[in-house]
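Scroll down for the structure; my scribbles are underneath it.
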Amino acid sequence: MNDAALPARTPDARGPQPIEIALLASVFVVAACGLVYELSAAALSSYLLGDSVLQFSTIIGTYLFAMGVGSWLSRYFDRQLPAHFLRIELMVALIGGALPAILFLANAYVPSAFRLLLYGLVMVVGTLVGLEIPLVMRILKRNIVLKNLVSQVLTFDYLGALAVSVAFPLILVPQLGMIRTGLLFGFMNAAVAVWALWLFRHELRRVGAHALACFLALAALVAAFVWADHITTLAEDKFYQDRIVFSATSPYQRIVVTRGLLGHRLFLNGNLQFAERDEYRYHEALVHPVMAAQGAPKKVAVLGGGDGMAVREILKYPSVESVTLVELDPNMTKLFTDHETLAALNGHSLSSPKVKIVNTDAFQWLQQPGDMFDVIVVDFPDPTNFAIGKLYTNSFYALLEKRLSASGYAVIQTTSPLVARKSYWTVATTIESVGLRATPYHAHVPSFGEWGYIIASRRPYRMPDALPAGLRFLSPSTLPLMFDFPLDMARVPTEVNRLSNQILVTTYEQEWGKVMAH
């Protein structure tokens with residue numbers, strides 16, 4: 001018997017019946033699960049591939065297209081609609097629930113196939129999710145008149161999406177992690193299949209086979225949930241090579257600390273931030289050229305740098321009265337304050353009474369009225385996406401200029417002038433566009449290669465005569481060499497990086513992409 005031949009029922013005047021309530025509740029769960037899989041794919045691709053705007057846009061676009069394909073295909077399902085719905089739920093549960101785990105493993109073991117697998121899974125899951133709602137609506141129309149059916153189904157669909165869109169970044173990912181979040185909602189999809197099995201047990205053929213399929217799917221998802229930490233470890237051990245001593249997923253990033261023959265290394269979203277063996281080179285070069293040149297800095301701000309290494313170098317100056325560390329992710333500052341081994345790396349600098357930690361967005365913090373600073377150290381990750389790229393725009397530097405004292409210096413870590421030459425000089429052009437002087441320099445850090453920095457100031461930069469005692473890399477005699485640029489790193493014409501275009505993110509991705517491709 002096909003769907004059109006099912007006898008229509010007059011809606012019960014007493015109100016919704018239990019089967020209707022159950023199916024509408026299923027719509028809520030189905031919508032929530034579908035959005036989780038979509039957000040997981042988009043978030044993972046932005047973590048692993050960078051450029052969050054591009055990744056979210058392409059993943060969401062592909063997912064919506066796939067849902068359209070699924071809705072179109074639903075017309076070919078004429079018989080045994082409850083059985084089809086049950087099977088689709090189980091397939092969505094297994095494929096969608098396992099999607100984050102599969103992508104993590106693929107990135108570690110077959111990185112060349114990651115993009116193909118990513119969009120392939122998004123197409124499959126999106127198509128299956130696109131089949132769900134049309135089938136539910138056709139099952140429900142036996143009992144609900146059309147005008148009420150559409151409004152009720154869409155209401156529950158949108159409510160499910162709303163609930164997940166709020167819970168995913170604020171609760172689910174921080175508490176469960178990406179892999180367990182996917183598996184949890186896969187379990188919920190499988191639970192809907194079990195519920196459908198019970199509701200339509202009198203209509204289904206081979207009920208025993210359906211029950212076995214539900215049991216096996218639930219068992220697989222529960223087992224994967226229990227072993228989620230092992231799956232994550234398996235993927236990350238392969239990706240990072242060294243032993244992982246700490247890992248966490250915050251609403252802002254994936255934090256991983258490893259330890260190997262060369263000491264500890266910090267990775268944010270898979271990108272190396274420092275290596276214990278040579279971080280002193282990076283941080284001495286970042287901090288001391290401006291701190292020593294300023295003379296006797298009293299108030300210092302550090303934007304980014306939640307690992308506390310830059311603060312450690314700043315506190316070597318007796319004149320410093322206060323250091324304000326502005327770090328978006330509280331997980332970072334807590335980790336490098338409380339973890340004994342990691343806190344030892346920064347000399348327990350974040351526990352100093354001189355240090356005030358502010359966990360907020362640096363852009364928003366600069367927009368608020370506040371103190372002027374003698375030195376501002378800007379230690380953000382490279383502009384791999386638009387969320388970070390805004391911190392390299394002329395709008396940001398205009399705000400920075402307002403918080404810099406008349407004789408003050410700001411210093412910005414600015415990627416490699418050798419590998420990403422155009423990106424580096426884009427930052428210099430952008431600083432100059434707001435009326436500040438840009439003084440570029442560079443240093444060799446083995447873990448990163450040739451690395452660049454730019455000093456921003458109102459007055460000409462003055463080379464310091466002395467540096468603090470006990471430095472391992474810098475000396476007054478070698479410091480001037482850092483301000484000399486060979487021909488292959490010399491300045492090239494560039495545009496201003498603006499909030500409205502964020503040309504730096506595109507340029508950075510192109511230049512570093514060429515290196516990764518080889």
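Naming works like this for the structure tokens: A, B, ... for the chains as they're shown, residue 1 at the start of each chain, ligands 1 onward in shown order.
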**Q.** Spatial neighbours of segment 316-326 of chain A, 6 Å, only C-alpha atoms, chain gap at least 2 places, as a ChimeraX atom specification
**A.** /A:296-304,313-314,354-359
Give me the segment 64-153 of chain A side of the contact with segment 160-180 of chain A, cut-off 8 Å, one line per residue showing its nearest atom pair and distance in Å at one decimal, counting only C-alpha atoms, sorted by chain and residue number, as a tab-separated table.
```
residue	atom	partner	partner_atom	distance
A:Ala98	CA	A:Ile179	CA	7.5
A:Pro100	CA	A:Ile179	CA	5.2
A:Ala101	CA	A:Ile179	CA	5.4
```
Please, could you write that set of residues out with C-alpha atoms as a PDB file, in the first residue's frame?
```
ATOM      1  CA  ALA A  98      30.884   9.178  13.991  1.00  0.00           C
ATOM      2  CA  PRO A 100      33.911  14.091  14.141  1.00  0.00           C
ATOM      3  CA  ALA A 101      35.840  10.930  15.047  1.00  0.00           C
TER       4      ALA A 101
END
```
**Q.** For atom CA of Gly182 of chain A and atom CA of Gly97 of chain A, the interatomic separation in Å (one decimal)
**A.**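 So the two atoms, atom CA of Gly182 of chain A and atom CA of Gly97 of chain A, lie 4.5 Å apart.
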Per residue of segment 13-63 of chain A within 10 Å of segment 237-260 of chain A, note the shortest atom pair and the distance in Å to one decimal, counting only C-alpha atoms, and order the rows by chain and increasing residue number, as CSV.
```
residue,atom,partner,partner_atom,distance
A:Ala43,CA,A:Gln253,CA,9.7
A:Leu44,CA,A:Arg254,CA,10.0
A:Tyr47,CA,A:Gln253,CA,7.5
```
Pull N, CA and C atoms from the residues just selected and write them as a PDB file, in the first residue's frame.
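The file below, part_35.pdb, is the result:
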```pdb
ATOM      1  N   ALA A  43      33.063  23.366  12.270  1.00  0.00           N
ATOM      2  CA  ALA A  43      34.044  23.719  13.292  1.00  0.00           C
ATOM      3  C   ALA A  43      35.349  22.962  13.087  1.00  0.00           C
ATOM      4  N   LEU A  44      35.246  21.670  12.780  1.00  0.00           N
ATOM      5  CA  LEU A  44      36.455  20.879  12.566  1.00  0.00           C
ATOM      6  C   LEU A  44      37.233  21.359  11.356  1.00  0.00           C
ATOM      7  N   TYR A  47      39.037  24.439  12.358  1.00  0.00           N
ATOM      8  CA  TYR A  47      40.170  24.108  13.218  1.00  0.00           C
ATOM      9  C   TYR A  47      41.359  23.640  12.389  1.00  0.00           C
TER      10      TYR A  47
END
```
**Q.** Polymer residues at most 9 Å from Thr232 of chain A, only C-alpha atoms, same-chain spacing of 3 or more positions, as a ChimeraX atom specification
**A.** /A:101,104-105,179,227-229,235-237
Deliver the residues from the most recent selection as a file, using N, CA and C atoms, as a CSV table (one decimal), in the first residue's frame.
```csv
chain,number,residue,atom,x,y,z
A,101,ALA,N,34.8,11.9,14.8
A,101,ALA,CA,35.8,10.9,15.0
A,101,ALA,C,36.5,10.5,13.7
A,104,PHE,N,38.8,13.4,12.6
A,104,PHE,CA,40.0,13.6,13.4
A,104,PHE,C,41.0,12.5,12.9
A,105,LEU,N,40.5,11.3,12.8
A,105,LEU,CA,41.4,10.2,12.4
A,105,LEU,C,42.0,10.4,11.0
A,179,ILE,N,34.2,14.9,19.6
A,179,ILE,CA,33.9,13.5,19.3
A,179,ILE,C,32.7,13.0,20.1
A,227,TRP,N,34.9,4.9,24.5
A,227,TRP,CA,36.3,4.9,24.1
A,227,TRP,C,36.7,6.2,23.4
A,228,ALA,N,35.9,7.2,23.5
A,228,ALA,CA,36.2,8.5,22.8
A,228,ALA,C,37.6,9.1,23.1
A,229,ASP,N,38.0,9.0,24.4
A,229,ASP,CA,39.3,9.5,24.7
A,229,ASP,C,40.4,8.7,24.0
A,235,ALA,N,44.3,9.6,17.4
A,235,ALA,CA,44.4,10.6,16.3
A,235,ALA,C,45.5,11.6,16.6
A,236,GLU,N,45.5,12.1,17.8
A,236,GLU,CA,46.4,13.2,18.1
A,236,GLU,C,47.9,12.7,18.3
A,237,ASP,N,48.0,11.5,18.8
A,237,ASP,CA,49.4,11.0,18.9
A,237,ASP,C,50.0,10.8,17.6
```
Find the residues around Arg458 of chain A up to 9 Å (only C-alpha atoms counted), leave out those fewer than 2 positions away in its own chain, and share them as a PDB file with all heavy atoms, in the first residue's frame.
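Result went into out.pdb, see below:
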```
ATOM      1  N   GLU A 401      46.669  52.531  19.170  1.00  0.00           N
ATOM      2  CA  GLU A 401      47.357  53.825  19.232  1.00  0.00           C
ATOM      3  C   GLU A 401      46.814  54.700  20.363  1.00  0.00           C
ATOM      4  O   GLU A 401      47.560  55.429  21.025  1.00  0.00           O
ATOM      5  CB  GLU A 401      47.221  54.530  17.877  1.00  0.00           C
ATOM      6  CG  GLU A 401      48.038  55.797  17.725  1.00  0.00           C
ATOM      7  CD  GLU A 401      47.265  57.043  18.137  1.00  0.00           C
ATOM      8  OE1 GLU A 401      46.020  56.956  18.199  1.00  0.00           O
ATOM      9  OE2 GLU A 401      47.909  58.070  18.397  1.00  0.00           O
ATOM     10  N   LEU A 404      48.394  53.844  23.783  1.00  0.00           N
ATOM     11  CA  LEU A 404      49.853  53.893  23.856  1.00  0.00           C
ATOM     12  C   LEU A 404      50.296  55.273  24.323  1.00  0.00           C
ATOM     13  O   LEU A 404      49.857  56.284  23.777  1.00  0.00           O
ATOM     14  CB  LEU A 404      50.440  53.589  22.477  1.00  0.00           C
ATOM     15  CG  LEU A 404      51.917  53.199  22.369  1.00  0.00           C
ATOM     16  CD1 LEU A 404      52.212  51.932  23.173  1.00  0.00           C
ATOM     17  CD2 LEU A 404      52.289  53.001  20.906  1.00  0.00           C
ATOM     18  N   SER A 405      51.148  55.328  25.342  1.00  0.00           N
ATOM     19  CA  SER A 405      51.624  56.606  25.855  1.00  0.00           C
ATOM     20  C   SER A 405      52.467  57.324  24.786  1.00  0.00           C
ATOM     21  O   SER A 405      52.930  56.706  23.826  1.00  0.00           O
ATOM     22  CB  SER A 405      52.460  56.395  27.120  1.00  0.00           C
ATOM     23  OG  SER A 405      53.636  55.675  26.819  1.00  0.00           O
ATOM     24  N   ALA A 406      52.687  58.598  24.978  1.00  0.00           N
ATOM     25  CA  ALA A 406      53.380  59.403  23.965  1.00  0.00           C
ATOM     26  C   ALA A 406      54.762  58.852  23.645  1.00  0.00           C
ATOM     27  O   ALA A 406      55.211  58.886  22.494  1.00  0.00           O
ATOM     28  CB  ALA A 406      53.477  60.852  24.441  1.00  0.00           C
ATOM     29  N   SER A 407      55.443  58.336  24.650  1.00  0.00           N
ATOM     30  CA  SER A 407      56.799  57.811  24.443  1.00  0.00           C
ATOM     31  C   SER A 407      56.805  56.285  24.366  1.00  0.00           C
ATOM     32  O   SER A 407      57.864  55.663  24.422  1.00  0.00           O
ATOM     33  CB  SER A 407      57.715  58.267  25.584  1.00  0.00           C
ATOM     34  OG  SER A 407      57.222  57.779  26.825  1.00  0.00           O
ATOM     35  N   GLY A 408      55.624  55.700  24.234  1.00  0.00           N
ATOM     36  CA  GLY A 408      55.520  54.244  24.311  1.00  0.00           C
ATOM     37  C   GLY A 408      55.818  53.523  23.009  1.00  0.00           C
ATOM     38  O   GLY A 408      55.869  54.115  21.923  1.00  0.00           O
ATOM     39  N   TYR A 409      56.030  52.226  23.142  1.00  0.00           N
ATOM     40  CA  TYR A 409      56.241  51.352  21.989  1.00  0.00           C
ATOM     41  C   TYR A 409      55.251  50.183  22.065  1.00  0.00           C
ATOM     42  O   TYR A 409      54.991  49.651  23.156  1.00  0.00           O
ATOM     43  CB  TYR A 409      57.656  50.764  21.975  1.00  0.00           C
ATOM     44  CG  TYR A 409      58.758  51.759  21.721  1.00  0.00           C
ATOM     45  CD1 TYR A 409      59.688  52.060  22.715  1.00  0.00           C
ATOM     46  CD2 TYR A 409      58.900  52.368  20.477  1.00  0.00           C
ATOM     47  CE1 TYR A 409      60.728  52.951  22.486  1.00  0.00           C
ATOM     48  CE2 TYR A 409      59.936  53.274  20.236  1.00  0.00           C
ATOM     49  CZ  TYR A 409      60.834  53.553  21.237  1.00  0.00           C
ATOM     50  OH  TYR A 409      61.856  54.448  21.008  1.00  0.00           O
ATOM     51  N   GLY A 435      48.856  56.252  11.201  1.00  0.00           N
ATOM     52  CA  GLY A 435      49.712  57.346  11.661  1.00  0.00           C
ATOM     53  C   GLY A 435      50.842  56.936  12.568  1.00  0.00           C
ATOM     54  O   GLY A 435      51.555  57.796  13.107  1.00  0.00           O
ATOM     55  N   LEU A 436      51.059  55.631  12.760  1.00  0.00           N
ATOM     56  CA  LEU A 436      52.163  55.164  13.585  1.00  0.00           C
ATOM     57  C   LEU A 436      53.371  54.827  12.712  1.00  0.00           C
ATOM     58  O   LEU A 436      53.229  54.486  11.542  1.00  0.00           O
ATOM     59  CB  LEU A 436      51.743  53.902  14.363  1.00  0.00           C
ATOM     60  CG  LEU A 436      50.700  54.097  15.470  1.00  0.00           C
ATOM     61  CD1 LEU A 436      50.212  52.754  15.988  1.00  0.00           C
ATOM     62  CD2 LEU A 436      51.279  54.926  16.627  1.00  0.00           C
ATOM     63  N   ARG A 437      54.541  54.937  13.304  1.00  0.00           N
ATOM     64  CA  ARG A 437      55.747  54.496  12.614  1.00  0.00           C
ATOM     65  C   ARG A 437      55.853  52.973  12.729  1.00  0.00           C
ATOM     66  O   ARG A 437      55.557  52.401  13.787  1.00  0.00           O
ATOM     67  CB  ARG A 437      56.984  55.131  13.240  1.00  0.00           C
ATOM     68  CG  ARG A 437      57.086  56.633  13.044  1.00  0.00           C
ATOM     69  CD  ARG A 437      58.276  57.177  13.825  1.00  0.00           C
ATOM     70  NE  ARG A 437      58.447  58.610  13.620  1.00  0.00           N
ATOM     71  CZ  ARG A 437      59.250  59.148  12.702  1.00  0.00           C
ATOM     72  NH1 ARG A 437      59.952  58.352  11.900  1.00  0.00           N
ATOM     73  NH2 ARG A 437      59.355  60.453  12.594  1.00  0.00           N
ATOM     74  N   ALA A 456      55.591  49.429  16.610  1.00  0.00           N
ATOM     75  CA  ALA A 456      54.719  50.556  16.262  1.00  0.00           C
ATOM     76  C   ALA A 456      54.896  51.644  17.320  1.00  0.00           C
ATOM     77  O   ALA A 456      54.851  51.355  18.522  1.00  0.00           O
ATOM     78  CB  ALA A 456      53.258  50.106  16.200  1.00  0.00           C
ATOM     79  N   PRO A 460      60.444  58.009  16.566  1.00  0.00           N
ATOM     80  CA  PRO A 460      61.366  57.067  15.922  1.00  0.00           C
ATOM     81  C   PRO A 460      61.913  56.062  16.937  1.00  0.00           C
ATOM     82  O   PRO A 460      62.139  56.400  18.105  1.00  0.00           O
ATOM     83  CB  PRO A 460      62.474  57.967  15.377  1.00  0.00           C
ATOM     84  CG  PRO A 460      61.851  59.319  15.262  1.00  0.00           C
ATOM     85  CD  PRO A 460      60.865  59.417  16.386  1.00  0.00           C
ATOM     86  N   TYR A 461      62.110  54.853  16.495  1.00  0.00           N
ATOM     87  CA  TYR A 461      62.645  53.826  17.387  1.00  0.00           C
ATOM     88  C   TYR A 461      64.118  54.109  17.691  1.00  0.00           C
ATOM     89  O   TYR A 461      64.906  54.451  16.796  1.00  0.00           O
ATOM     90  CB  TYR A 461      62.510  52.444  16.739  1.00  0.00           C
ATOM     91  CG  TYR A 461      63.107  51.340  17.579  1.00  0.00           C
ATOM     92  CD1 TYR A 461      62.499  50.933  18.759  1.00  0.00           C
ATOM     93  CD2 TYR A 461      64.293  50.711  17.191  1.00  0.00           C
ATOM     94  CE1 TYR A 461      63.047  49.926  19.533  1.00  0.00           C
ATOM     95  CE2 TYR A 461      64.853  49.702  17.956  1.00  0.00           C
ATOM     96  CZ  TYR A 461      64.228  49.313  19.134  1.00  0.00           C
ATOM     97  OH  TYR A 461      64.775  48.316  19.901  1.00  0.00           O
TER      98      TYR A 461
END
```
Q) Between atom CA of Phe65 of chain A and atom CA of Ala196 of chain A, what is the spacing in Å? A) 26.9 Å
Q) segment 80-94 of chain A: which residues within 6 Å, counting only C-alpha atoms, same-chain residues fewer than 2 positions away excluded, as JSON, numbers by chain? A) {"A": [96, 97, 98, 186, 189, 190, 193]}
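All residues within segment 400-451 of chain A that the backbone DSSP calculation assigns to helix (DSSP H, G or I) are Leu400, Glu401, Lys402, Arg421, Lys422, Ser423, Tyr424, Trp425, Thr426, Val427, Ala428, Thr429, Thr430, Ile431 and Glu432 of chain A.
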Just-selected residues, N, CA and C atoms written as a short mmCIF file (atom, residue, chain, number, x, y, z; two decimals), in the first residue's frame:
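Output file part18.cif follows:
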```
data_model
loop_
_atom_site.label_atom_id
_atom_site.label_comp_id
_atom_site.auth_asym_id
_atom_site.auth_seq_id
_atom_site.Cartn_x
_atom_site.Cartn_y
_atom_site.Cartn_z
N LEU A 400 44.68 50.59 19.25
CA LEU A 400 45.94 50.37 19.97
C LEU A 400 46.67 51.70 20.19
N GLU A 401 46.67 52.53 19.17
CA GLU A 401 47.36 53.83 19.23
C GLU A 401 46.81 54.70 20.36
N LYS A 402 45.52 54.61 20.63
CA LYS A 402 44.89 55.43 21.66
C LYS A 402 45.30 55.01 23.07
N ARG A 421 56.14 36.76 2.87
CA ARG A 421 56.72 38.10 2.72
C ARG A 421 55.65 39.17 2.56
N LYS A 422 54.70 38.93 1.68
CA LYS A 422 53.66 39.93 1.43
C LYS A 422 52.77 40.11 2.66
N SER A 423 52.48 39.02 3.37
CA SER A 423 51.68 39.12 4.59
C SER A 423 52.39 39.98 5.63
N TYR A 424 53.69 39.75 5.78
CA TYR A 424 54.47 40.50 6.76
C TYR A 424 54.41 42.00 6.47
N TRP A 425 54.66 42.38 5.23
CA TRP A 425 54.70 43.81 4.91
C TRP A 425 53.30 44.42 4.84
N THR A 426 52.27 43.57 4.71
CA THR A 426 50.90 44.09 4.81
C THR A 426 50.65 44.64 6.20
N VAL A 427 51.18 43.96 7.21
CA VAL A 427 51.01 44.44 8.58
C VAL A 427 51.73 45.78 8.77
N ALA A 428 52.91 45.91 8.21
CA ALA A 428 53.64 47.18 8.31
C ALA A 428 52.85 48.31 7.64
N THR A 429 52.33 48.07 6.45
CA THR A 429 51.53 49.08 5.75
C THR A 429 50.29 49.45 6.55
N THR A 430 49.68 48.46 7.18
CA THR A 430 48.46 48.70 7.97
C THR A 430 48.75 49.53 9.20
N ILE A 431 49.85 49.28 9.88
CA ILE A 431 50.25 50.07 11.04
C ILE A 431 50.49 51.52 10.63
N GLU A 432 51.18 51.73 9.53
CA GLU A 432 51.48 53.08 9.06
C GLU A 432 50.23 53.83 8.64
#
```
Q) If you run DSSP on the backbone, which residues of segment 285-393 of chain A are strand (DSSP E), as a PyMOL selection string? A) chain A and resi 299-304+322-326+355-358+373-379
Q) Pick from A:Ala224, A:Val311, A:Ile21, A:Leu328: nearest to Leu184 of chain A, with only C-alpha atoms counted? A) A:Ala224
Q. For Ile376 of chain A, which of A:Ile455, A:Val207, A:Leu391, A:Leu487 is the closest residue, counting only C-alpha atoms?
A.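 So, comparing all the options, the nearest one is A:Ile455.
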Q | Given only C-alpha atoms as the counted atoms, nearest of A:Gln273, A:Lys141, A:Ala22, A:Ala42 to Phe200 of chain A | A |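 Answer, going by the shortest atom-to-atom distance: A:Ala22.
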